Amino acid sequence: MDRNESAPGIVIKSERWKERDRMATVLSPVWGLRRIRVYGAQKSRKAIKAPLYTEAVFHVYENRERGLTSLVDLDLISIHEAALDGLGPSFTAAMMSEVALAGHGADGPAMFQLFTSCLDALEDHRWRRVAIQFVIRALDSAGVGTDYENCPVCSRPYPDDMVLGFNSQVSSPCCWDCDSFQGTLILPPSARRYIHDSLHCGLEQALAFQVSLLMEQRLLRYSLRLWSAVQQVTLNSADLLLSLEDD
Ligand SMILES: [Zn+2]
């Protein structure tokens with residue numbers, strides 16, 4: 001049975017498809033991740049387009065027999081232009097897309113909320129802070145976060161001055177004694193306090209925390225490496241993000 005469907009969503013990937021079309025991957029609180037073919041987007045001026053980071057209510061037509069969903073129309077909510085304004089914001093948004101794609105749409109509503117809020121935040125906040133908050137919150141929303149209070153291996157509370165390591169058995173930060181990464185993924189006390197405290201308040205409030213640029217750079221490096229160690233997926237955009245100078 002073919003049918004028409006509508007749901008809110010945001011385009012997190014857009015690729016050329018055949019000669020004239022594009023394939024948009026939409027992150028939706030209703031659908032999770034859905035690939036939607038946008039006919040004529042490559043060539044025709046009149047065709048409805050859905051470029052990267054278009055947030056809209058998408059009206060689609062599903063052809064079950066051909067296993068194909070195509071875009072019929074959309075009601076635009078936002079184009080999130082801040083996401084393409086400069087290298088830092090662009091690479092941050094690209095990293096967010098990679099993280100969301102790796103989740104296979106399993107945590108649709110939470111990821112959609114986090115994704116669109118972080119894109120909006122790129123307008124008012126330094127992109128490094130947005131990237132850090134996105135990554136540590138994405139781990140939480142995927143159910144693989146940690147409380148940064150107690151070691152998930154030995155259950156002991158962390159002393160205030162403890163540097164955390166990483167344990168590959170439980171795929172999580174852990175106390176120094178339970179480290180199995182030979183001290184190659186460490187979290188100093190001040191950085192742990194930042195992550196812990198920022199996870200205990202709303203995104204806007206967390207983004208307003210005063211952090212030095214040096215601390216932002218370290219936290220970004222740590223959070224990107226942490227995400228890869230936990231999910232065991234390489235983030236292609238990580239090196240790009242980390243190579244950027246201050247702006
Ligand atoms: Zn431990």
# chains A, B, ... in the order shown; residues from 1 in each chain; ligands from 1
$ residues_around --residues "Glu15 (chain A)" --least-positions-apart "3" --cutoff "10 Å" --atoms "only C-alpha atoms" --output "ChimeraX atom specification"
/A:18,21-25,37,42,51-52
$ closest_atom_pairs --of "chain A" --to "ligand 1" --cutoff "12 Å" --atoms "only C-alpha atoms and all ligand atoms" --output "CSV"
residue,atom,partner,partner_atom_place_in_ligand_line,distance
A:Tyr148,CA,ligand 1,1 (Zn),11.6
A:Glu149,CA,ligand 1,1 (Zn),11.0
A:Asn150,CA,ligand 1,1 (Zn),8.0
A:Cys151,CA,ligand 1,1 (Zn),4.7
A:Pro152,CA,ligand 1,1 (Zn),6.7
A:Val153,CA,ligand 1,1 (Zn),4.9
A:Cys154,CA,ligand 1,1 (Zn),4.1
A:Ser155,CA,ligand 1,1 (Zn),6.3
A:Arg156,CA,ligand 1,1 (Zn),6.1
A:Pro157,CA,ligand 1,1 (Zn),8.5
A:Tyr158,CA,ligand 1,1 (Zn),8.4
A:Pro159,CA,ligand 1,1 (Zn),11.2
A:Met162,CA,ligand 1,1 (Zn),11.0
A:Val163,CA,ligand 1,1 (Zn),11.4
A:Leu164,CA,ligand 1,1 (Zn),9.1
A:Gly165,CA,ligand 1,1 (Zn),9.1
A:Phe166,CA,ligand 1,1 (Zn),9.6
A:Asn167,CA,ligand 1,1 (Zn),8.8
A:Gln169,CA,ligand 1,1 (Zn),11.9
A:Val170,CA,ligand 1,1 (Zn),10.9
A:Ser172,CA,ligand 1,1 (Zn),10.7
A:Pro173,CA,ligand 1,1 (Zn),9.3
A:Cys174,CA,ligand 1,1 (Zn),5.5
A:Cys175,CA,ligand 1,1 (Zn),4.2
A:Trp176,CA,ligand 1,1 (Zn),6.6
A:Asp177,CA,ligand 1,1 (Zn),5.5
A:Cys178,CA,ligand 1,1 (Zn),4.4
A:Asp179,CA,ligand 1,1 (Zn),7.5
A:Ser180,CA,ligand 1,1 (Zn),10.5
$ residues_around --residues "Leu33 (chain A)" --least-positions-apart "2" --cutoff "8 Å" --atoms "only C-alpha atoms" --output "list in words"
Thr25, Val26, Leu27, Ser28, Trp31, Arg35, Leu101, His104, Gly105 and Gly108 of chain A
$ write_last_selection --atoms "N, CA and C atoms" --output "PDB file, in the first residue's frame"
ATOM      1  N   THR A  25      18.861  12.781   3.776  1.00  0.00           N
ATOM      2  CA  THR A  25      18.636  11.963   4.972  1.00  0.00           C
ATOM      3  C   THR A  25      18.082  12.890   6.041  1.00  0.00           C
ATOM      4  N   VAL A  26      16.858  12.581   6.470  1.00  0.00           N
ATOM      5  CA  VAL A  26      16.143  13.448   7.398  1.00  0.00           C
ATOM      6  C   VAL A  26      16.099  12.801   8.788  1.00  0.00           C
ATOM      7  N   LEU A  27      16.488  13.592   9.796  1.00  0.00           N
ATOM      8  CA  LEU A  27      16.367  13.156  11.193  1.00  0.00           C
ATOM      9  C   LEU A  27      15.041  13.695  11.717  1.00  0.00           C
ATOM     10  N   SER A  28      14.176  12.784  12.160  1.00  0.00           N
ATOM     11  CA  SER A  28      12.827  13.187  12.576  1.00  0.00           C
ATOM     12  C   SER A  28      12.470  12.559  13.916  1.00  0.00           C
ATOM     13  N   TRP A  31      10.072   9.682  12.623  1.00  0.00           N
ATOM     14  CA  TRP A  31      10.610   8.637  11.749  1.00  0.00           C
ATOM     15  C   TRP A  31      11.978   8.122  12.175  1.00  0.00           C
ATOM     16  N   ARG A  35      15.512   8.276   4.556  1.00  0.00           N
ATOM     17  CA  ARG A  35      16.075   8.765   3.297  1.00  0.00           C
ATOM     18  C   ARG A  35      14.930   9.158   2.373  1.00  0.00           C
ATOM     19  N   LEU A 101      23.969  10.265  12.416  1.00  0.00           N
ATOM     20  CA  LEU A 101      23.876   9.152  11.448  1.00  0.00           C
ATOM     21  C   LEU A 101      24.338   7.844  12.093  1.00  0.00           C
ATOM     22  N   HIS A 104      21.745   5.745  13.934  1.00  0.00           N
ATOM     23  CA  HIS A 104      20.732   5.051  13.127  1.00  0.00           C
ATOM     24  C   HIS A 104      19.301   5.457  13.490  1.00  0.00           C
ATOM     25  N   GLY A 105      19.133   6.640  14.054  1.00  0.00           N
ATOM     26  CA  GLY A 105      17.784   7.131  14.343  1.00  0.00           C
ATOM     27  C   GLY A 105      17.121   6.480  15.533  1.00  0.00           C
ATOM     28  N   GLY A 108      15.351   9.016  18.163  1.00  0.00           N
ATOM     29  CA  GLY A 108      14.804  10.084  17.320  1.00  0.00           C
ATOM     30  C   GLY A 108      14.396  11.372  18.008  1.00  0.00           C
TER      31      GLY A 108
END
$ residues_around --residues "Met96 (chain A)" --least-positions-apart "3" --cutoff "10 Å" --atoms "only C-alpha atoms" --output "compact mmCIF listing (two decimals) with N, CA and C atoms, in the first residue's frame"
# COMPACT_ATOMS: atom_id res chain seq x y z
N ILE A 12 19.99 16.14 7.54
CA ILE A 12 21.34 16.09 8.11
C ILE A 12 22.37 15.56 7.12
N SER A 90 30.48 25.25 10.47
CA SER A 90 30.23 24.24 9.43
C SER A 90 30.75 22.87 9.85
N PHE A 91 31.98 22.84 10.39
CA PHE A 91 32.56 21.56 10.80
C PHE A 91 31.82 21.00 12.02
N THR A 92 31.38 21.90 12.91
CA THR A 92 30.60 21.46 14.07
C THR A 92 29.32 20.77 13.60
N ALA A 93 28.61 21.41 12.68
CA ALA A 93 27.36 20.83 12.17
C ALA A 93 27.63 19.52 11.44
N VAL A 99 27.53 12.11 14.01
CA VAL A 99 27.10 11.47 15.26
C VAL A 99 25.65 10.98 15.14
N ALA A 100 24.80 11.82 14.59
CA ALA A 100 23.38 11.46 14.46
C ALA A 100 23.21 10.28 13.50
N LEU A 101 23.97 10.26 12.42
CA LEU A 101 23.88 9.15 11.45
C LEU A 101 24.34 7.84 12.09
N ALA A 102 25.37 7.94 12.94
CA ALA A 102 25.89 6.73 13.59
C ALA A 102 24.87 6.13 14.55
N MET A 111 17.36 13.08 19.98
CA MET A 111 18.42 13.52 19.07
C MET A 111 17.97 14.71 18.22
N LEU A 114 18.06 17.77 20.43
CA LEU A 114 19.44 18.17 20.68
C LEU A 114 20.06 18.79 19.43
N PHE A 115 19.82 18.16 18.29
CA PHE A 115 20.41 18.60 17.03
C PHE A 115 19.95 20.02 16.67
N CYS A 118 21.19 22.71 19.16
CA CYS A 118 22.62 23.02 19.00
C CYS A 118 22.86 23.83 17.73
N LEU A 119 22.13 23.55 16.66
CA LEU A 119 22.27 24.37 15.45
C LEU A 119 21.87 25.81 15.75
N VAL A 130 29.43 24.57 21.75
CA VAL A 130 28.26 23.87 21.19
C VAL A 130 28.65 22.43 20.85
N ALA A 131 29.82 22.27 20.23
CA ALA A 131 30.28 20.93 19.83
C ALA A 131 30.46 20.03 21.06
N PHE A 134 27.06 19.14 22.51
CA PHE A 134 26.35 18.19 21.64
C PHE A 134 26.87 16.78 21.88
N VAL A 135 28.19 16.62 21.90
CA VAL A 135 28.77 15.29 21.99
C VAL A 135 28.47 14.63 23.34
N ALA A 138 24.84 13.80 23.45
CA ALA A 138 24.48 12.72 22.51
C ALA A 138 24.78 11.37 23.16
N LEU A 235 35.20 9.42 13.86
CA LEU A 235 34.52 10.63 13.38
C LEU A 235 35.43 11.33 12.38
N SER A 237 35.09 14.09 10.88
CA SER A 237 35.17 15.54 11.05
C SER A 237 35.98 15.93 12.29
$ closest_residue --among "A:Val233, A:Arg126, A:Tyr39, A:Pro8" --to "Leu213 (chain A)" --atoms "only C-alpha atoms"
A:Arg126
$ atom_distance --atom1 "CA of Arg192 (chain A)" --atom2 "CA of Ala83 (chain A)"
27.9 Å
$ select_by_dssp --residues "region 2-232 of chain A" --states "strand (DSSP E)" --output "PyMOL selection string"
chain A and resi 3-17+21-28+32-38+55-63+68-78+165-167+172-174
$ residues_around --residues "Gly67 (chain A)" --least-positions-apart "4" --cutoff "12 Å" --atoms "only C-alpha atoms" --output "list of chain:residue names"
A:Met1, A:Asp2, A:Arg3, A:Arg34, A:Arg35, A:Ile36, A:Arg37, A:Tyr61, A:Glu62, A:Asn63
$ residues_around --residues "Ala47 (chain A)" --least-positions-apart "3" --cutoff "10 Å" --atoms "only C-alpha atoms" --output "PDB file with N, CA and C atoms, in the first residue's frame"
ATOM      1  N   ASP A  21      18.514  14.267  -9.392  1.00  0.00           N
ATOM      2  CA  ASP A  21      17.884  14.284  -8.068  1.00  0.00           C
ATOM      3  C   ASP A  21      18.901  14.392  -6.934  1.00  0.00           C
ATOM      4  N   VAL A  38      14.625  13.609  -3.443  1.00  0.00           N
ATOM      5  CA  VAL A  38      14.123  14.928  -3.837  1.00  0.00           C
ATOM      6  C   VAL A  38      14.296  15.055  -5.350  1.00  0.00           C
ATOM      7  N   TYR A  39      13.219  14.840  -6.057  1.00  0.00           N
ATOM      8  CA  TYR A  39      13.273  14.809  -7.523  1.00  0.00           C
ATOM      9  C   TYR A  39      13.585  16.168  -8.115  1.00  0.00           C
ATOM     10  N   GLY A  40      14.497  16.166  -9.070  1.00  0.00           N
ATOM     11  CA  GLY A  40      14.787  17.372  -9.832  1.00  0.00           C
ATOM     12  C   GLY A  40      15.596  18.421  -9.095  1.00  0.00           C
ATOM     13  N   ALA A  41      15.962  18.139  -7.830  1.00  0.00           N
ATOM     14  CA  ALA A  41      16.630  19.161  -7.021  1.00  0.00           C
ATOM     15  C   ALA A  41      17.968  19.591  -7.617  1.00  0.00           C
ATOM     16  N   GLN A  42      18.582  18.682  -8.370  1.00  0.00           N
ATOM     17  CA  GLN A  42      19.894  18.940  -8.938  1.00  0.00           C
ATOM     18  C   GLN A  42      19.824  19.903 -10.129  1.00  0.00           C
ATOM     19  N   LYS A  43      18.731  19.820 -10.879  1.00  0.00           N
ATOM     20  CA  LYS A  43      18.682  20.555 -12.147  1.00  0.00           C
ATOM     21  C   LYS A  43      17.572  21.611 -12.221  1.00  0.00           C
ATOM     22  N   SER A  44      16.371  21.226 -11.812  1.00  0.00           N
ATOM     23  CA  SER A  44      15.221  22.080 -12.073  1.00  0.00           C
ATOM     24  C   SER A  44      15.115  23.216 -11.065  1.00  0.00           C
ATOM     25  N   ALA A  50      15.436  20.755  -0.652  1.00  0.00           N
ATOM     26  CA  ALA A  50      15.582  20.575   0.801  1.00  0.00           C
ATOM     27  C   ALA A  50      17.064  20.487   1.118  1.00  0.00           C
ATOM     28  N   VAL A  72       7.187  15.347  -1.419  1.00  0.00           N
ATOM     29  CA  VAL A  72       6.064  15.944  -2.142  1.00  0.00           C
ATOM     30  C   VAL A  72       6.062  17.453  -1.924  1.00  0.00           C
ATOM     31  N   ASP A  73       6.233  17.843  -0.669  1.00  0.00           N
ATOM     32  CA  ASP A  73       6.190  19.266  -0.331  1.00  0.00           C
ATOM     33  C   ASP A  73       6.787  19.439   1.066  1.00  0.00           C
TER      34      ASP A  73
END
$ select_by_dssp --residues "region 26-229 of chain A" --states "alpha helix (DSSP H)" --output "ChimeraX atom specification"
/A:87-102,108-121,127-141,189-199,203-207,213-229
$ atom_distance --atom1 "CA of Val230 (chain A)" --atom2 "CA of Ile132 (chain A)"
15.2 Å
$ decode --residues "region 61-175 of chain A" --atoms "C-alpha atoms" --output "PDB file, in the first residue's frame"
ATOM      1  CA  TYR A  61       5.001   9.814  -0.590  1.00  0.00           C
ATOM      2  CA  GLU A  62       6.035   6.267   0.114  1.00  0.00           C
ATOM      3  CA  ASN A  63       6.066   3.721  -2.697  1.00  0.00           C
ATOM      4  CA  ARG A  64       6.249   0.463  -0.766  1.00  0.00           C
ATOM      5  CA  GLU A  65       6.774  -1.707  -3.812  1.00  0.00           C
ATOM      6  CA  ARG A  66       9.832   0.207  -4.928  1.00  0.00           C
ATOM      7  CA  GLY A  67      10.979   0.844  -1.357  1.00  0.00           C
ATOM      8  CA  LEU A  68      11.184   4.520  -2.138  1.00  0.00           C
ATOM      9  CA  THR A  69      10.150   7.631  -0.229  1.00  0.00           C
ATOM     10  CA  SER A  70      10.002  10.871  -2.181  1.00  0.00           C
ATOM     11  CA  LEU A  71       9.439  14.480  -1.181  1.00  0.00           C
ATOM     12  CA  VAL A  72       6.064  15.944  -2.142  1.00  0.00           C
ATOM     13  CA  ASP A  73       6.190  19.266  -0.331  1.00  0.00           C
ATOM     14  CA  LEU A  74       7.504  20.918   2.814  1.00  0.00           C
ATOM     15  CA  ASP A  75       6.505  23.602   5.304  1.00  0.00           C
ATOM     16  CA  LEU A  76       9.728  25.382   6.177  1.00  0.00           C
ATOM     17  CA  ILE A  77      10.551  25.971   9.849  1.00  0.00           C
ATOM     18  CA  SER A  78      14.193  27.125   9.626  1.00  0.00           C
ATOM     19  CA  ILE A  79      17.177  26.939   7.302  1.00  0.00           C
ATOM     20  CA  HIS A  80      19.654  27.210  10.216  1.00  0.00           C
ATOM     21  CA  GLU A  81      21.946  29.529   8.305  1.00  0.00           C
ATOM     22  CA  ALA A  82      24.320  29.868  11.275  1.00  0.00           C
ATOM     23  CA  ALA A  83      25.378  26.272  10.595  1.00  0.00           C
ATOM     24  CA  LEU A  84      27.058  27.311   7.348  1.00  0.00           C
ATOM     25  CA  ASP A  85      28.519  30.603   8.536  1.00  0.00           C
ATOM     26  CA  GLY A  86      32.259  29.968   8.846  1.00  0.00           C
ATOM     27  CA  LEU A  87      34.503  26.943   9.181  1.00  0.00           C
ATOM     28  CA  GLY A  88      33.978  26.310  12.900  1.00  0.00           C
ATOM     29  CA  PRO A  89      30.167  26.229  12.720  1.00  0.00           C
ATOM     30  CA  SER A  90      30.227  24.240   9.427  1.00  0.00           C
ATOM     31  CA  PHE A  91      32.557  21.561  10.798  1.00  0.00           C
ATOM     32  CA  THR A  92      30.604  21.456  14.066  1.00  0.00           C
ATOM     33  CA  ALA A  93      27.361  20.833  12.167  1.00  0.00           C
ATOM     34  CA  ALA A  94      29.083  18.204   9.992  1.00  0.00           C
ATOM     35  CA  MET A  95      30.317  16.433  13.125  1.00  0.00           C
ATOM     36  CA  MET A  96      26.797  16.539  14.580  1.00  0.00           C
ATOM     37  CA  SER A  97      25.454  14.922  11.418  1.00  0.00           C
ATOM     38  CA  GLU A  98      28.055  12.164  11.648  1.00  0.00           C
ATOM     39  CA  VAL A  99      27.101  11.473  15.260  1.00  0.00           C
ATOM     40  CA  ALA A 100      23.379  11.456  14.455  1.00  0.00           C
ATOM     41  CA  LEU A 101      23.876   9.152  11.448  1.00  0.00           C
ATOM     42  CA  ALA A 102      25.893   6.734  13.592  1.00  0.00           C
ATOM     43  CA  GLY A 103      22.887   6.467  15.945  1.00  0.00           C
ATOM     44  CA  HIS A 104      20.732   5.051  13.127  1.00  0.00           C
ATOM     45  CA  GLY A 105      17.784   7.131  14.343  1.00  0.00           C
ATOM     46  CA  ALA A 106      17.320   4.999  17.456  1.00  0.00           C
ATOM     47  CA  ASP A 107      16.821   7.969  19.782  1.00  0.00           C
ATOM     48  CA  GLY A 108      14.804  10.084  17.320  1.00  0.00           C
ATOM     49  CA  PRO A 109      12.950  12.580  19.528  1.00  0.00           C
ATOM     50  CA  ALA A 110      15.872  13.305  21.889  1.00  0.00           C
ATOM     51  CA  MET A 111      18.424  13.521  19.074  1.00  0.00           C
ATOM     52  CA  PHE A 112      16.169  15.768  16.980  1.00  0.00           C
ATOM     53  CA  GLN A 113      15.706  18.131  19.929  1.00  0.00           C
ATOM     54  CA  LEU A 114      19.443  18.167  20.684  1.00  0.00           C
ATOM     55  CA  PHE A 115      20.414  18.605  17.033  1.00  0.00           C
ATOM     56  CA  THR A 116      18.121  21.547  16.280  1.00  0.00           C
ATOM     57  CA  SER A 117      18.875  23.271  19.620  1.00  0.00           C
ATOM     58  CA  CYS A 118      22.619  23.022  18.995  1.00  0.00           C
ATOM     59  CA  LEU A 119      22.274  24.369  15.448  1.00  0.00           C
ATOM     60  CA  ASP A 120      20.327  27.330  16.857  1.00  0.00           C
ATOM     61  CA  ALA A 121      22.975  27.788  19.538  1.00  0.00           C
ATOM     62  CA  LEU A 122      25.671  28.238  16.863  1.00  0.00           C
ATOM     63  CA  GLU A 123      24.186  31.710  16.289  1.00  0.00           C
ATOM     64  CA  ASP A 124      24.913  32.992  19.788  1.00  0.00           C
ATOM     65  CA  HIS A 125      27.656  30.826  21.220  1.00  0.00           C
ATOM     66  CA  ARG A 126      31.198  29.802  20.453  1.00  0.00           C
ATOM     67  CA  TRP A 127      31.089  26.741  18.243  1.00  0.00           C
ATOM     68  CA  ARG A 128      33.521  24.744  20.394  1.00  0.00           C
ATOM     69  CA  ARG A 129      31.175  24.930  23.367  1.00  0.00           C
ATOM     70  CA  VAL A 130      28.262  23.866  21.194  1.00  0.00           C
ATOM     71  CA  ALA A 131      30.276  20.931  19.831  1.00  0.00           C
ATOM     72  CA  ILE A 132      31.290  19.807  23.346  1.00  0.00           C
ATOM     73  CA  GLN A 133      27.734  20.003  24.681  1.00  0.00           C
ATOM     74  CA  PHE A 134      26.354  18.193  21.645  1.00  0.00           C
ATOM     75  CA  VAL A 135      28.773  15.285  21.992  1.00  0.00           C
ATOM     76  CA  ILE A 136      28.416  14.693  25.734  1.00  0.00           C
ATOM     77  CA  ARG A 137      24.630  15.047  25.530  1.00  0.00           C
ATOM     78  CA  ALA A 138      24.481  12.723  22.515  1.00  0.00           C
ATOM     79  CA  LEU A 139      26.217  10.027  24.591  1.00  0.00           C
ATOM     80  CA  ASP A 140      23.666  10.545  27.365  1.00  0.00           C
ATOM     81  CA  SER A 141      20.721  10.416  24.982  1.00  0.00           C
ATOM     82  CA  ALA A 142      22.098   7.215  23.407  1.00  0.00           C
ATOM     83  CA  GLY A 143      22.084   5.671  26.897  1.00  0.00           C
ATOM     84  CA  VAL A 144      25.876   5.282  27.020  1.00  0.00           C
ATOM     85  CA  GLY A 145      26.696   8.306  29.175  1.00  0.00           C
ATOM     86  CA  THR A 146      28.079   8.237  32.710  1.00  0.00           C
ATOM     87  CA  ASP A 147      27.406  10.328  35.836  1.00  0.00           C
ATOM     88  CA  TYR A 148      31.017  11.532  36.350  1.00  0.00           C
ATOM     89  CA  GLU A 149      30.443  10.908  40.081  1.00  0.00           C
ATOM     90  CA  ASN A 150      31.063   7.185  40.606  1.00  0.00           C
ATOM     91  CA  CYS A 151      33.321   4.743  38.814  1.00  0.00           C
ATOM     92  CA  PRO A 152      31.110   2.398  36.718  1.00  0.00           C
ATOM     93  CA  VAL A 153      33.656  -0.428  37.212  1.00  0.00           C
ATOM     94  CA  CYS A 154      34.397  -0.450  40.961  1.00  0.00           C
ATOM     95  CA  SER A 155      31.446   1.791  42.055  1.00  0.00           C
ATOM     96  CA  ARG A 156      33.656   4.014  44.203  1.00  0.00           C
ATOM     97  CA  PRO A 157      32.861   7.746  44.237  1.00  0.00           C
ATOM     98  CA  TYR A 158      35.580   9.826  42.590  1.00  0.00           C
ATOM     99  CA  PRO A 159      37.669  11.910  45.020  1.00  0.00           C
ATOM    100  CA  ASP A 160      37.634  15.618  44.043  1.00  0.00           C
ATOM    101  CA  ASP A 161      41.192  15.608  42.786  1.00  0.00           C
ATOM    102  CA  MET A 162      41.040  12.362  40.808  1.00  0.00           C
ATOM    103  CA  VAL A 163      42.037  12.234  37.159  1.00  0.00           C
ATOM    104  CA  LEU A 164      39.719   9.854  35.310  1.00  0.00           C
ATOM    105  CA  GLY A 165      40.840   7.209  32.859  1.00  0.00           C
ATOM    106  CA  PHE A 166      38.860   5.033  30.472  1.00  0.00           C
ATOM    107  CA  ASN A 167      37.812   1.405  30.745  1.00  0.00           C
ATOM    108  CA  SER A 168      37.233  -0.449  27.492  1.00  0.00           C
ATOM    109  CA  GLN A 169      35.269  -3.293  29.101  1.00  0.00           C
ATOM    110  CA  VAL A 170      32.431  -0.998  30.145  1.00  0.00           C
ATOM    111  CA  SER A 171      33.224   1.605  27.430  1.00  0.00           C
ATOM    112  CA  SER A 172      33.164   4.455  29.897  1.00  0.00           C
ATOM    113  CA  PRO A 173      35.289   6.929  31.801  1.00  0.00           C
ATOM    114  CA  CYS A 174      36.358   5.349  35.099  1.00  0.00           C
ATOM    115  CA  CYS A 175      38.569   5.891  38.145  1.00  0.00           C
TER     116      CYS A 175
END
